[in-house]
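**Student:** For reference, this is work_15.cif, and it has mmCIF, C-alpha atoms.
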```
data_target
loop_
_atom_site.label_atom_id
_atom_site.label_comp_id
_atom_site.auth_asym_id
_atom_site.auth_seq_id
_atom_site.Cartn_x
_atom_site.Cartn_y
_atom_site.Cartn_z
CA MET A 20 34.95 -6.39 4.64
CA ILE A 21 35.69 -10.01 3.82
CA ALA A 22 37.17 -10.42 0.36
CA MET A 23 36.56 -13.75 -1.38
CA PRO A 24 38.03 -14.26 -4.84
CA PHE A 25 36.38 -16.68 -7.25
CA HIS A 26 37.90 -18.09 -10.39
CA TYR A 27 35.94 -20.03 -12.96
CA PRO A 28 38.39 -21.10 -15.65
CA ASN A 29 35.81 -23.47 -17.12
CA GLY A 30 33.53 -20.61 -18.14
CA GLN A 31 30.63 -21.97 -16.09
CA PRO A 32 28.08 -19.45 -14.83
CA TYR A 33 28.84 -18.16 -11.37
CA SER A 34 26.57 -19.41 -8.58
CA ARG A 35 26.48 -16.50 -6.21
CA PRO A 36 26.71 -17.10 -2.47
CA SER A 37 23.98 -15.04 -0.83
CA ASP A 38 21.86 -12.84 -3.04
CA PRO A 39 18.36 -11.40 -3.46
CA ASN A 40 17.21 -14.50 -5.34
CA GLY A 41 17.93 -16.73 -2.40
CA HIS A 42 20.57 -19.11 -3.69
CA LYS A 43 22.92 -20.42 -1.04
CA ARG A 44 26.56 -21.10 -1.71
CA ALA A 45 27.11 -23.89 0.79
CA LYS A 46 24.17 -25.81 -0.64
CA VAL A 47 25.34 -25.58 -4.23
CA GLN A 48 28.80 -26.83 -3.34
CA GLN A 49 27.36 -29.69 -1.31
CA VAL A 50 25.32 -30.79 -4.29
CA ARG A 51 28.40 -30.83 -6.48
CA PHE A 52 30.00 -33.41 -4.20
CA ASP A 53 26.80 -35.45 -4.00
CA ASN A 54 26.40 -35.68 -7.71
CA ARG A 55 29.75 -36.52 -9.22
CA GLY A 56 30.86 -32.94 -9.65
CA MET A 57 27.82 -31.40 -11.35
CA SER A 58 25.13 -29.21 -9.86
CA LEU A 59 21.53 -29.47 -11.05
CA GLU A 60 22.07 -26.18 -12.88
CA GLU A 61 25.13 -27.52 -14.69
CA GLU A 62 23.30 -30.71 -15.63
CA ILE A 63 20.38 -28.74 -17.06
CA ASN A 64 22.71 -26.39 -18.94
CA GLU A 65 24.51 -29.38 -20.43
CA SER A 66 21.19 -30.98 -21.40
CA ASN A 67 20.15 -27.69 -23.03
CA GLN A 68 23.38 -27.68 -25.04
CA PHE A 69 22.56 -31.20 -26.22
CA TYR A 70 19.02 -30.17 -27.20
CA LEU A 71 20.38 -27.11 -29.05
CA ALA A 72 23.07 -29.07 -30.91
CA HIS A 73 20.44 -31.58 -32.06
CA ASP A 74 17.88 -28.92 -33.06
CA LEU A 75 15.42 -30.23 -30.48
CA ALA A 76 14.90 -27.06 -28.44
CA VAL A 77 16.45 -23.64 -27.74
CA ILE A 78 16.50 -23.18 -23.96
CA TYR A 79 18.87 -20.94 -22.00
CA LYS A 80 19.40 -20.01 -18.39
CA LYS A 81 19.06 -16.26 -18.05
CA PRO A 82 22.13 -14.34 -16.88
CA ILE A 83 22.19 -13.13 -13.27
CA PRO A 84 20.74 -9.60 -13.14
CA ILE A 85 23.42 -7.14 -12.04
CA GLN A 86 23.33 -3.43 -11.27
CA ILE A 87 26.59 -2.00 -12.58
CA VAL A 88 27.92 1.09 -10.83
CA LYS A 89 31.54 1.49 -11.87
CA VAL A 90 33.56 0.27 -14.86
CA ASP A 91 37.27 0.69 -15.61
CA TYR A 92 38.60 0.82 -19.16
CA PRO A 93 42.23 -0.28 -19.15
CA ARG A 94 44.04 0.69 -22.35
CA ARG A 95 44.38 -2.21 -24.81
CA SER A 96 42.38 -4.49 -22.54
CA ALA A 97 38.81 -5.57 -21.77
CA ALA A 98 36.56 -3.35 -19.65
CA VAL A 99 36.56 -4.34 -15.96
CA ILE A 100 33.49 -3.96 -13.77
CA LYS A 101 34.79 -2.65 -10.44
CA GLU A 102 31.55 -2.13 -8.55
CA ALA A 103 28.23 -3.88 -9.10
CA TYR A 104 25.39 -5.38 -7.08
CA PHE A 105 23.10 -8.37 -7.41
CA ARG A 106 19.56 -7.39 -8.35
CA GLN A 107 16.28 -9.13 -7.70
CA ALA A 108 15.24 -11.19 -10.73
CA SER A 109 11.77 -10.60 -12.22
CA THR A 110 11.43 -13.99 -13.85
CA THR A 111 12.31 -17.65 -13.53
CA ASP A 112 15.79 -18.86 -14.50
CA TYR A 113 15.07 -20.75 -17.73
CA ASN A 114 13.01 -20.14 -20.84
CA GLY A 115 13.00 -20.85 -24.54
CA VAL A 116 11.20 -22.53 -27.41
CA TYR A 117 10.45 -26.19 -28.10
CA ALA A 118 8.54 -27.25 -31.23
CA GLY A 119 6.51 -24.04 -31.24
CA TYR A 120 5.87 -24.10 -27.48
CA TYR A 121 7.14 -21.49 -25.06
CA LEU A 122 8.80 -23.21 -22.09
CA ASP A 123 9.41 -21.44 -18.79
CA PHE A 124 10.80 -23.08 -15.67
CA GLU A 125 12.84 -23.04 -12.50
CA ALA A 126 15.19 -25.77 -11.27
CA LYS A 127 15.14 -26.48 -7.54
CA GLU A 128 16.40 -29.18 -5.23
CA THR A 129 15.85 -30.41 -1.69
CA LYS A 130 17.52 -32.83 0.71
CA ASN A 131 14.12 -33.70 2.16
CA LYS A 132 12.94 -37.23 1.48
CA THR A 133 9.20 -36.96 1.86
CA SER A 134 8.18 -33.51 0.59
CA PHE A 135 9.37 -30.47 -1.37
CA PRO A 136 9.48 -27.29 0.79
CA LEU A 137 7.77 -24.25 -0.74
CA LYS A 138 10.45 -22.01 0.77
CA ASN A 139 12.55 -23.01 -2.25
CA PHE A 140 10.38 -20.63 -4.26
CA HIS A 141 10.02 -16.88 -4.25
CA GLN A 142 7.03 -14.66 -4.82
CA HIS A 143 8.44 -13.15 -8.04
CA GLN A 144 8.91 -16.62 -9.55
CA ILE A 145 5.34 -17.62 -8.73
CA GLU A 146 3.95 -14.39 -10.19
CA HIS A 147 6.03 -14.82 -13.34
CA LEU A 148 4.77 -18.40 -13.80
CA ARG A 149 1.21 -17.16 -13.28
CA HIS A 150 1.66 -14.55 -16.03
CA CYS A 151 3.22 -17.06 -18.43
CA LEU A 152 0.41 -19.58 -17.86
CA LYS A 153 -2.09 -16.88 -18.88
CA GLN A 154 -0.21 -16.63 -22.19
CA ASN A 155 -0.43 -20.42 -22.64
CA GLY A 156 3.22 -21.02 -21.90
CA ILE A 157 4.34 -24.49 -20.76
CA CYS A 158 5.39 -23.70 -17.19
CA PHE A 159 6.91 -26.01 -14.63
CA VAL A 160 9.66 -26.70 -12.11
CA ILE A 161 12.39 -29.29 -12.42
CA MET A 162 12.46 -30.65 -8.87
CA ARG A 163 15.31 -32.77 -7.63
CA PHE A 164 15.22 -34.85 -4.47
CA VAL A 165 18.95 -34.96 -3.81
CA THR A 166 18.99 -37.81 -1.32
CA LEU A 167 16.51 -39.94 -3.26
CA GLU A 168 18.19 -39.13 -6.61
CA ARG A 169 14.76 -38.55 -8.14
CA LEU A 170 13.78 -35.82 -10.58
CA PHE A 171 10.36 -34.51 -11.55
CA VAL A 172 8.88 -32.04 -13.99
CA TYR A 173 6.20 -30.55 -11.77
CA PRO A 174 3.63 -28.31 -13.50
CA ALA A 175 3.27 -24.67 -12.44
CA THR A 176 -0.49 -24.93 -11.91
CA PRO A 177 -0.45 -27.23 -8.85
CA LEU A 178 2.67 -25.41 -7.59
CA ILE A 179 0.82 -22.08 -7.65
CA ARG A 180 -2.19 -23.74 -6.02
CA ALA A 181 0.03 -25.00 -3.16
CA TRP A 182 1.73 -21.59 -2.89
CA ASP A 183 -1.60 -19.76 -2.62
CA ALA A 184 -2.90 -22.31 -0.09
CA GLN A 185 0.22 -21.82 2.03
CA ALA A 186 -0.63 -18.11 2.33
CA LYS A 187 -3.95 -19.20 3.86
CA ALA A 188 -2.29 -21.39 6.51
CA GLY A 189 -1.89 -24.31 4.11
CA ALA A 190 0.99 -26.81 4.07
CA LYS A 191 4.52 -25.41 3.80
CA SER A 192 5.62 -28.20 1.47
CA ILE A 193 4.31 -30.48 -1.28
CA PRO A 194 4.32 -34.18 -0.30
CA LEU A 195 6.38 -36.49 -2.52
CA HIS A 196 3.36 -38.71 -3.17
CA THR A 197 1.49 -35.66 -4.52
CA ILE A 198 4.43 -34.85 -6.79
CA GLU A 199 4.46 -38.47 -7.98
CA VAL A 200 0.79 -38.13 -8.94
CA GLU A 201 0.75 -34.58 -10.36
CA GLY A 202 4.26 -34.47 -11.81
CA PHE A 203 6.20 -36.35 -14.50
CA GLU A 204 9.28 -38.24 -13.38
CA VAL A 205 12.53 -37.77 -15.30
CA HIS A 206 15.18 -40.49 -15.23
CA TYR A 207 18.85 -39.59 -15.52
CA GLY A 208 20.38 -40.43 -18.87
CA LEU A 209 23.79 -40.26 -20.47
CA ASN A 210 23.07 -37.73 -23.19
CA PRO A 211 21.27 -35.59 -22.34
CA ARG A 212 21.90 -36.14 -18.66
CA ILE A 213 18.45 -34.79 -17.75
CA PRO A 214 16.12 -35.68 -20.65
CA TYR A 215 13.37 -33.42 -19.35
CA LEU A 216 11.75 -32.84 -22.75
CA THR A 217 10.25 -36.33 -22.52
CA ALA A 218 8.38 -35.24 -19.39
CA VAL A 219 7.52 -31.93 -21.07
CA ASP A 220 5.91 -33.90 -23.92
CA GLN A 221 3.72 -35.62 -21.33
CA LEU A 222 2.88 -32.29 -19.72
CA ILE A 223 1.95 -30.77 -23.10
CA HIS A 224 -0.16 -33.80 -23.99
CA TYR A 225 -1.93 -33.66 -20.65
CA SER A 226 -2.41 -29.88 -20.83
CA GLU A 227 -3.93 -30.00 -24.29
CA SER A 228 -6.33 -32.73 -23.20
CA GLN A 229 -7.52 -30.28 -20.51
CA LYS A 230 -9.12 -27.84 -22.99
CA GLY A 231 -5.89 -26.01 -23.64
CA VAL A 232 -5.24 -25.17 -20.00
CA HIS A 233 -1.87 -26.26 -18.64
CA TYR A 234 -2.81 -28.11 -15.47
CA GLY A 235 -0.99 -30.76 -13.56
CA LYS A 236 -2.19 -34.31 -13.86
CA GLN A 237 -4.66 -34.04 -10.97
CA MET B 28 43.39 2.82 -16.24
CA ILE B 29 40.53 5.26 -16.76
CA ALA B 30 37.89 5.01 -14.04
CA MET B 31 34.36 6.02 -14.99
CA PRO B 32 31.65 5.85 -12.34
CA PHE B 33 28.04 5.31 -13.37
CA HIS B 34 25.00 5.88 -11.20
CA TYR B 35 21.53 4.78 -12.19
CA PRO B 36 19.20 5.91 -9.41
CA ASN B 37 16.16 5.19 -11.60
CA GLY B 38 16.85 1.47 -11.60
CA GLN B 39 17.08 1.34 -15.40
CA PRO B 40 19.25 -1.39 -16.91
CA TYR B 41 22.79 -0.27 -17.55
CA SER B 42 23.75 0.26 -21.19
CA ARG B 43 27.37 -0.66 -21.28
CA PRO B 44 29.83 1.49 -23.22
CA SER B 45 31.97 -0.86 -25.26
CA ASP B 46 31.44 -4.57 -24.86
CA PRO B 47 31.55 -7.88 -26.70
CA ASN B 48 27.95 -7.46 -27.88
CA GLY B 49 28.78 -4.29 -29.73
CA HIS B 50 26.64 -1.65 -28.06
CA LYS B 51 28.08 1.83 -28.13
CA ARG B 52 27.64 4.29 -25.32
CA ALA B 53 27.82 7.50 -27.34
CA LYS B 54 25.10 6.24 -29.65
CA VAL B 55 22.71 5.35 -26.86
CA GLN B 56 23.09 8.77 -25.27
CA GLN B 57 22.59 10.49 -28.62
CA VAL B 58 19.33 8.61 -29.09
CA ARG B 59 18.13 9.74 -25.70
CA PHE B 60 18.41 13.36 -26.79
CA ASP B 61 16.81 12.66 -30.17
CA ASN B 62 13.84 10.95 -28.69
CA ARG B 63 12.64 12.97 -25.74
CA GLY B 64 14.85 11.22 -23.21
CA MET B 65 14.19 7.56 -24.00
CA SER B 66 16.34 5.07 -25.86
CA LEU B 67 14.77 2.42 -28.08
CA GLU B 68 15.59 -0.11 -25.36
CA GLU B 69 13.81 1.94 -22.71
CA GLU B 70 10.79 2.40 -24.96
CA ILE B 71 10.56 -1.33 -25.60
CA ASN B 72 10.99 -2.14 -21.90
CA GLU B 73 8.22 0.31 -21.06
CA SER B 74 5.99 -1.22 -23.74
CA ASN B 75 6.72 -4.68 -22.31
CA GLN B 76 5.69 -3.45 -18.85
CA PHE B 77 2.42 -2.24 -20.36
CA TYR B 78 1.84 -5.58 -22.09
CA LEU B 79 2.60 -7.44 -18.85
CA ALA B 80 0.35 -5.25 -16.71
CA HIS B 81 -2.52 -5.83 -19.16
CA ASP B 82 -1.93 -9.59 -19.45
CA LEU B 83 -1.19 -9.25 -23.16
CA ALA B 84 2.31 -10.75 -23.25
CA VAL B 85 5.26 -11.63 -21.00
CA ILE B 86 8.41 -10.30 -22.67
CA TYR B 87 11.67 -9.37 -20.94
CA LYS B 88 15.05 -8.11 -21.98
CA LYS B 89 17.68 -10.57 -20.82
CA PRO B 90 20.25 -9.33 -18.30
CA ILE B 91 23.76 -8.56 -19.56
CA PRO B 92 25.91 -11.69 -19.24
CA ILE B 93 28.72 -11.10 -16.76
CA GLN B 94 31.66 -13.22 -15.66
CA ILE B 95 32.08 -12.59 -11.94
CA VAL B 96 35.60 -13.00 -10.54
CA LYS B 97 35.61 -11.36 -7.10
CA VAL B 98 32.88 -10.53 -4.59
CA ASP B 99 33.15 -8.74 -1.25
CA TYR B 100 30.78 -9.46 1.62
CA PRO B 101 30.64 -6.42 3.88
CA ARG B 102 29.13 -7.22 7.28
CA ARG B 103 25.49 -6.15 7.58
CA SER B 104 25.41 -5.02 3.95
CA ALA B 105 24.74 -6.30 0.44
CA ALA B 106 27.40 -8.29 -1.41
CA VAL B 107 29.54 -6.11 -3.70
CA ILE B 108 30.97 -7.41 -6.97
CA LYS B 109 34.52 -6.02 -7.13
CA GLU B 110 35.78 -7.64 -10.32
CA ALA B 111 33.74 -8.88 -13.27
CA TYR B 112 33.87 -8.89 -17.06
CA PHE B 113 31.36 -8.56 -19.86
CA ARG B 114 30.76 -11.85 -21.64
CA GLN B 115 29.64 -12.56 -25.17
CA ALA B 116 25.89 -13.18 -25.27
CA SER B 117 24.63 -16.41 -26.88
CA THR B 118 21.17 -15.16 -27.73
CA THR B 119 19.19 -12.11 -28.77
CA ASP B 120 18.19 -9.52 -26.18
CA TYR B 121 14.45 -10.14 -25.88
CA ASN B 122 12.20 -13.16 -25.60
CA GLY B 123 8.97 -14.27 -24.04
CA VAL B 124 5.47 -15.57 -24.64
CA TYR B 125 2.48 -14.02 -26.39
CA ALA B 126 -0.83 -15.89 -26.71
CA GLY B 127 0.94 -19.24 -26.87
CA TYR B 128 3.63 -18.03 -29.29
CA TYR B 129 7.31 -17.86 -28.43
CA LEU B 130 8.68 -14.44 -29.43
CA ASP B 131 12.38 -13.77 -29.89
CA PHE B 132 13.86 -10.51 -31.12
CA GLU B 133 16.58 -7.89 -31.17
CA ALA B 134 16.08 -4.12 -31.18
CA LYS B 135 18.42 -2.12 -33.40
CA GLU B 136 18.60 1.39 -34.77
CA THR B 137 20.39 3.32 -37.49
CA LYS B 138 20.86 6.95 -38.46
CA ASN B 139 20.91 5.95 -42.12
CA LYS B 140 17.95 7.14 -44.15
CA THR B 141 17.86 4.73 -47.05
CA SER B 142 18.99 1.34 -45.72
CA PHE B 143 19.65 -0.67 -42.56
CA PRO B 144 23.34 -1.72 -42.22
CA LEU B 145 23.90 -5.40 -41.45
CA LYS B 146 26.86 -4.46 -39.25
CA ASN B 147 24.25 -3.76 -36.56
CA PHE B 148 23.96 -7.52 -36.18
CA HIS B 149 26.34 -10.15 -34.87
CA GLN B 150 26.89 -13.73 -35.89
CA HIS B 151 25.64 -15.15 -32.56
CA GLN B 152 22.35 -13.27 -32.91
CA ILE B 153 21.81 -14.59 -36.44
CA GLU B 154 22.59 -18.16 -35.37
CA HIS B 155 20.25 -17.88 -32.40
CA LEU B 156 17.42 -16.60 -34.62
CA ARG B 157 18.09 -19.46 -37.04
CA HIS B 158 17.78 -21.99 -34.21
CA CYS B 159 14.58 -20.40 -32.88
CA LEU B 160 12.98 -20.37 -36.34
CA LYS B 161 13.60 -24.13 -36.56
CA GLN B 162 11.54 -24.47 -33.37
CA ASN B 163 8.73 -22.39 -34.91
CA GLY B 164 9.43 -19.34 -32.79
CA ILE B 165 8.21 -15.94 -34.00
CA CYS B 166 11.54 -14.25 -34.67
CA PHE B 167 12.20 -10.71 -35.81
CA VAL B 168 14.05 -7.44 -35.30
CA ILE B 169 12.54 -4.16 -34.19
CA MET B 170 14.35 -1.73 -36.52
CA ARG B 171 14.33 1.96 -35.88
CA PHE B 172 15.34 4.57 -38.45
CA VAL B 173 16.31 7.31 -36.00
CA THR B 174 16.34 10.23 -38.44
CA LEU B 175 13.16 9.17 -40.22
CA GLU B 176 11.42 8.31 -36.93
CA ARG B 177 10.14 5.09 -38.49
CA LEU B 178 9.92 1.68 -36.84
CA PHE B 179 9.54 -1.77 -38.37
CA VAL B 180 9.08 -5.32 -37.20
CA TYR B 181 11.33 -7.05 -39.71
CA PRO B 182 11.10 -10.88 -39.82
CA ALA B 183 14.19 -12.98 -39.09
CA THR B 184 13.88 -15.01 -42.29
CA PRO B 185 14.70 -12.22 -44.79
CA LEU B 186 17.26 -10.84 -42.31
CA ILE B 187 19.10 -14.18 -42.26
CA ARG B 188 18.82 -14.36 -46.06
CA ALA B 189 20.48 -10.93 -46.36
CA TRP B 190 23.13 -11.90 -43.79
CA ASP B 191 24.02 -15.09 -45.65
CA ALA B 192 24.09 -13.24 -48.99
CA GLN B 193 26.45 -10.64 -47.51
CA ALA B 194 28.94 -13.43 -46.73
CA LYS B 195 28.91 -14.22 -50.47
CA ALA B 196 29.73 -10.64 -51.47
CA GLY B 197 26.10 -9.53 -51.20
CA ALA B 198 24.88 -6.10 -50.07
CA LYS B 199 26.08 -4.83 -46.69
CA SER B 200 22.70 -3.33 -45.85
CA ILE B 201 18.98 -3.88 -46.41
CA PRO B 202 17.33 -1.10 -48.46
CA LEU B 203 14.47 0.76 -46.76
CA HIS B 204 12.13 -0.04 -49.64
CA THR B 205 12.80 -3.76 -49.07
CA ILE B 206 12.04 -3.34 -45.37
CA GLU B 207 8.82 -1.52 -46.28
CA VAL B 208 7.79 -4.50 -48.40
CA GLU B 209 9.00 -7.39 -46.22
CA GLY B 210 8.49 -5.81 -42.79
CA PHE B 211 5.55 -4.52 -40.78
CA GLU B 212 5.61 -0.85 -39.83
CA VAL B 213 4.94 0.13 -36.21
CA HIS B 214 3.62 3.60 -35.39
CA TYR B 215 4.52 5.26 -32.11
CA GLY B 216 1.68 5.36 -29.62
CA LEU B 217 1.07 6.75 -26.17
CA ASN B 218 0.56 3.53 -24.27
CA PRO B 219 2.32 1.36 -25.15
CA ARG B 220 4.81 3.68 -26.76
CA ILE B 221 5.87 1.00 -29.25
CA PRO B 222 2.78 -1.16 -29.93
CA TYR B 223 4.82 -3.82 -31.69
CA LEU B 224 2.40 -6.67 -30.94
CA THR B 225 0.11 -5.31 -33.66
CA ALA B 226 2.89 -5.89 -36.19
CA VAL B 227 3.65 -9.27 -34.59
CA ASP B 228 0.00 -10.24 -35.19
CA GLN B 229 0.52 -9.46 -38.88
CA LEU B 230 3.76 -11.45 -38.91
CA ILE B 231 2.05 -14.45 -37.26
CA HIS B 232 -0.87 -14.24 -39.68
CA TYR B 233 1.47 -14.05 -42.63
CA SER B 234 3.71 -16.85 -41.31
CA GLU B 235 0.80 -19.21 -40.75
CA SER B 236 -0.47 -18.55 -44.27
CA GLN B 237 2.94 -19.75 -45.51
CA LYS B 238 2.43 -23.38 -44.43
CA GLY B 239 3.59 -22.74 -40.89
CA VAL B 240 6.94 -21.30 -41.89
CA HIS B 241 7.76 -17.86 -40.52
CA TYR B 242 8.81 -15.95 -43.60
CA GLY B 243 8.79 -12.28 -44.30
CA LYS B 244 6.10 -10.90 -46.56
CA GLN B 245 8.05 -11.42 -49.77
#
```
Go ahead and express the file in the form of structure tokens.
**Tutor:**
Amino acid sequence: MIAMPFHYPNGQPYSRPSDPNGHKRAKVQQVRFDNRGMSLEEEINESNQFYLAHDLAVIYKKPIPIQIVKVDYPRRSAAVIKEAYFRQASTTDYNGVYAGYYLDFEAKETKNKTSFPLKNFHQHQIEHLRHCLKQNGICFVIMRFVTLERLFVYPATPLIRAWDAQAKAGAKSIPLHTIEVEGFEVHYGLNPRIPYLTAVDQLIHYSESQKGVHYGKQ
Amino acid sequence: MIAMPFHYPNGQPYSRPSDPNGHKRAKVQQVRFDNRGMSLEEEINESNQFYLAHDLAVIYKKPIPIQIVKVDYPRRSAAVIKEAYFRQASTTDYNGVYAGYYLDFEAKETKNKTSFPLKNFHQHQIEHLRHCLKQNGICFVIMRFVTLERLFVYPATPLIRAWDAQAKAGAKSIPLHTIEVEGFEVHYGLNPRIPYLTAVDQLIHYSESQKGVHYGKQ
């Protein structure tokens, strides 16, 4: 057994090291150095707080699903979970409501410079996005090219198309030039840091022009 | 320290005993006996699985928010959380998408027979519902009168009105006859067990007749 204690005095959500949802600890920490101390997740959470405070949208990251096995109840003190396990998530990480629209998305990043690898996604996320699209949700991924410092809102429809093609010996990644065409670029701001609702507006506008179906641009 | 082990071989979400969100263990277990082995939460989760399987809606209960402090990584085995704490939730328990609508709700029950006590709710839930209403979400509570075996979809707008009135020395509970007038009754079914989308349809219809504002019936 290797014991590794973690302390998060700032109250930030814990990014778990190696878990069923495929996050990697080393990667997350690397990104923090790259990007002046904030991970993509932290930047999105901060942007969501801005949107909430200004009554622009109500979007939250879902808590990490945990299977609790044992809890201690110290007298005159908070309950302590003493044994628990990470569980496989059924959904994407983020959802909420924006001007009457249901938003549902993942946030993912790559160090690649020319394409976004599909291995960043998991089957359960794709299936969840598929289900939400059927209910006319606004579904997408916030993709970050770490090295290029470029961000995109990439619609779920072309993502699912690429995922399904991959299963039939298709490409294992989505080329950047495809993302430039089918996605909506987001430029870093001061407040909110990631003003992704501007790109979501474009996605909604485009989707509604396509007979109510939420496609990508192409 | 009192150590209490819990085992959930059926993979059901853990209902924590005493936590910042105010659930009570004894109550949940009592309900299980009352209602042929299923809690209100389990019945709603099962109904949501039915709705998902039939492409009618995508609604999930959010995981319990946990602050993780210490994790062990046994060799050749899954990571074990060895120290963690329950955190205060920021939102309601359930949300998702239904035919293009964002749904957001809590599920609560009482043994009272003539009114629903407001102490079942917490400030953060009320504030979250308030925010979601501003974004035109469909917001409500599934209320269960355990002894009467009656269920209602009660809109967030009159709930918030009662909550705010309570702060100004108003009533500490909502009378059943008010809930009968302002809410939409749900009758237990076989599959789904709690067909609450029928009541949600009525709420949406009513809300849209009120100039796009999601009020209760009165």
**Student:** Which residues are close to B:Phe132, i.e. within 7 Å by all atoms listed in the file, leaving aside same-chain residues fewer than 5 positions away? Reply as a VMD selection string.
**Tutor:** chain B and resid 119 to 122 166 to 168
**Student:** Using only C-alpha atoms, select each residue of chain A with any atom at most 7 Å away from an atom of chain B, and give the selection as a PyMOL selection string.
**Tutor:** chain A and resi 20-26+33+76-77+81-84+87-94+98-104+116-121+150-151+154-156
**Student:** Rounded to one decimal in Å, what is the spacing between atom CA of A:Met57 and atom CA of A:Glu199?
**Tutor:** 24.6 Å
**Student:** Return as a PyMOL selection string the set of residues that the PyMOL selection byres ((chain B and resi 178-189) around 8) yields on the displayed structure.
**Tutor:** chain B and resi 153+156-157+160+166-172+176-177+190-193+197-198+200-201+206-207+209-214+223+226-227+230+241-243
**Student:** Mind dumping the selected residues with C-alpha atoms as a PDB file, keeping the file's coordinate frame?
**Tutor:**
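The result, written out as out-v5.pdb:
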```pdb
ATOM      1  CA  ILE B 153      21.810 -14.590 -36.440  1.00  0.00           C
ATOM      2  CA  LEU B 156      17.420 -16.600 -34.620  1.00  0.00           C
ATOM      3  CA  ARG B 157      18.090 -19.460 -37.040  1.00  0.00           C
ATOM      4  CA  LEU B 160      12.980 -20.370 -36.340  1.00  0.00           C
ATOM      5  CA  CYS B 166      11.540 -14.250 -34.670  1.00  0.00           C
ATOM      6  CA  PHE B 167      12.200 -10.710 -35.810  1.00  0.00           C
ATOM      7  CA  VAL B 168      14.050  -7.440 -35.300  1.00  0.00           C
ATOM      8  CA  ILE B 169      12.540  -4.160 -34.190  1.00  0.00           C
ATOM      9  CA  MET B 170      14.350  -1.730 -36.520  1.00  0.00           C
ATOM     10  CA  ARG B 171      14.330   1.960 -35.880  1.00  0.00           C
ATOM     11  CA  PHE B 172      15.340   4.570 -38.450  1.00  0.00           C
ATOM     12  CA  GLU B 176      11.420   8.310 -36.930  1.00  0.00           C
ATOM     13  CA  ARG B 177      10.140   5.090 -38.490  1.00  0.00           C
ATOM     14  CA  TRP B 190      23.130 -11.900 -43.790  1.00  0.00           C
ATOM     15  CA  ASP B 191      24.020 -15.090 -45.650  1.00  0.00           C
ATOM     16  CA  ALA B 192      24.090 -13.240 -48.990  1.00  0.00           C
ATOM     17  CA  GLN B 193      26.450 -10.640 -47.510  1.00  0.00           C
ATOM     18  CA  GLY B 197      26.100  -9.530 -51.200  1.00  0.00           C
ATOM     19  CA  ALA B 198      24.880  -6.100 -50.070  1.00  0.00           C
ATOM     20  CA  SER B 200      22.700  -3.330 -45.850  1.00  0.00           C
ATOM     21  CA  ILE B 201      18.980  -3.880 -46.410  1.00  0.00           C
ATOM     22  CA  ILE B 206      12.040  -3.340 -45.370  1.00  0.00           C
ATOM     23  CA  GLU B 207       8.820  -1.520 -46.280  1.00  0.00           C
ATOM     24  CA  GLU B 209       9.000  -7.390 -46.220  1.00  0.00           C
ATOM     25  CA  GLY B 210       8.490  -5.810 -42.790  1.00  0.00           C
ATOM     26  CA  PHE B 211       5.550  -4.520 -40.780  1.00  0.00           C
ATOM     27  CA  GLU B 212       5.610  -0.850 -39.830  1.00  0.00           C
ATOM     28  CA  VAL B 213       4.940   0.130 -36.210  1.00  0.00           C
ATOM     29  CA  HIS B 214       3.620   3.600 -35.390  1.00  0.00           C
ATOM     30  CA  TYR B 223       4.820  -3.820 -31.690  1.00  0.00           C
ATOM     31  CA  ALA B 226       2.890  -5.890 -36.190  1.00  0.00           C
ATOM     32  CA  VAL B 227       3.650  -9.270 -34.590  1.00  0.00           C
ATOM     33  CA  LEU B 230       3.760 -11.450 -38.910  1.00  0.00           C
ATOM     34  CA  HIS B 241       7.760 -17.860 -40.520  1.00  0.00           C
ATOM     35  CA  TYR B 242       8.810 -15.950 -43.600  1.00  0.00           C
ATOM     36  CA  GLY B 243       8.790 -12.280 -44.300  1.00  0.00           C
TER      37      GLY B 243
END
```
**Student:** If I take atom CA of B:Leu203 and atom CA of B:Lys135, how far is one from the other in Å, to one decimal?
**Tutor:** 14.2 Å
**Student:** Which one is closest to B:Ser142: B:Glu235, B:Val173, B:Phe77, B:Glu154? Count all atoms listed in the file.
**Tutor:**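 Among B:Glu235, B:Val173, B:Phe77, B:Glu154, it is B:Val173 that comes nearest to B:Ser142.
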**Student:** Kindly give the distance, in Å, that separates atom CA of A:Phe135 and atom CA of A:Pro214, rounded to a single decimal.
**Tutor:**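 Spanning atom CA of A:Phe135 to atom CA of A:Pro214 is a straight-line distance of 21.1 Å.
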**Student:** Skip A:Pro136 itself and residues of its chain fewer than 4 positions away, then list as a PDB file with C-alpha atoms, in the frame of the given file all residues within 10 Å of it, counting all atoms listed in the file.
**Tutor:**
```pdb
ATOM      1  CA  GLU A 128      16.400 -29.180  -5.230  1.00  0.00           C
ATOM      2  CA  THR A 129      15.850 -30.410  -1.690  1.00  0.00           C
ATOM      3  CA  LYS A 130      17.520 -32.830   0.710  1.00  0.00           C
ATOM      4  CA  ASN A 131      14.120 -33.700   2.160  1.00  0.00           C
ATOM      5  CA  PHE A 140      10.380 -20.630  -4.260  1.00  0.00           C
ATOM      6  CA  ALA A 190       0.990 -26.810   4.070  1.00  0.00           C
ATOM      7  CA  LYS A 191       4.520 -25.410   3.800  1.00  0.00           C
ATOM      8  CA  SER A 192       5.620 -28.200   1.470  1.00  0.00           C
ATOM      9  CA  ILE A 193       4.310 -30.480  -1.280  1.00  0.00           C
ATOM     10  CA  PRO A 194       4.320 -34.180  -0.300  1.00  0.00           C
TER      11      PRO A 194
END
```
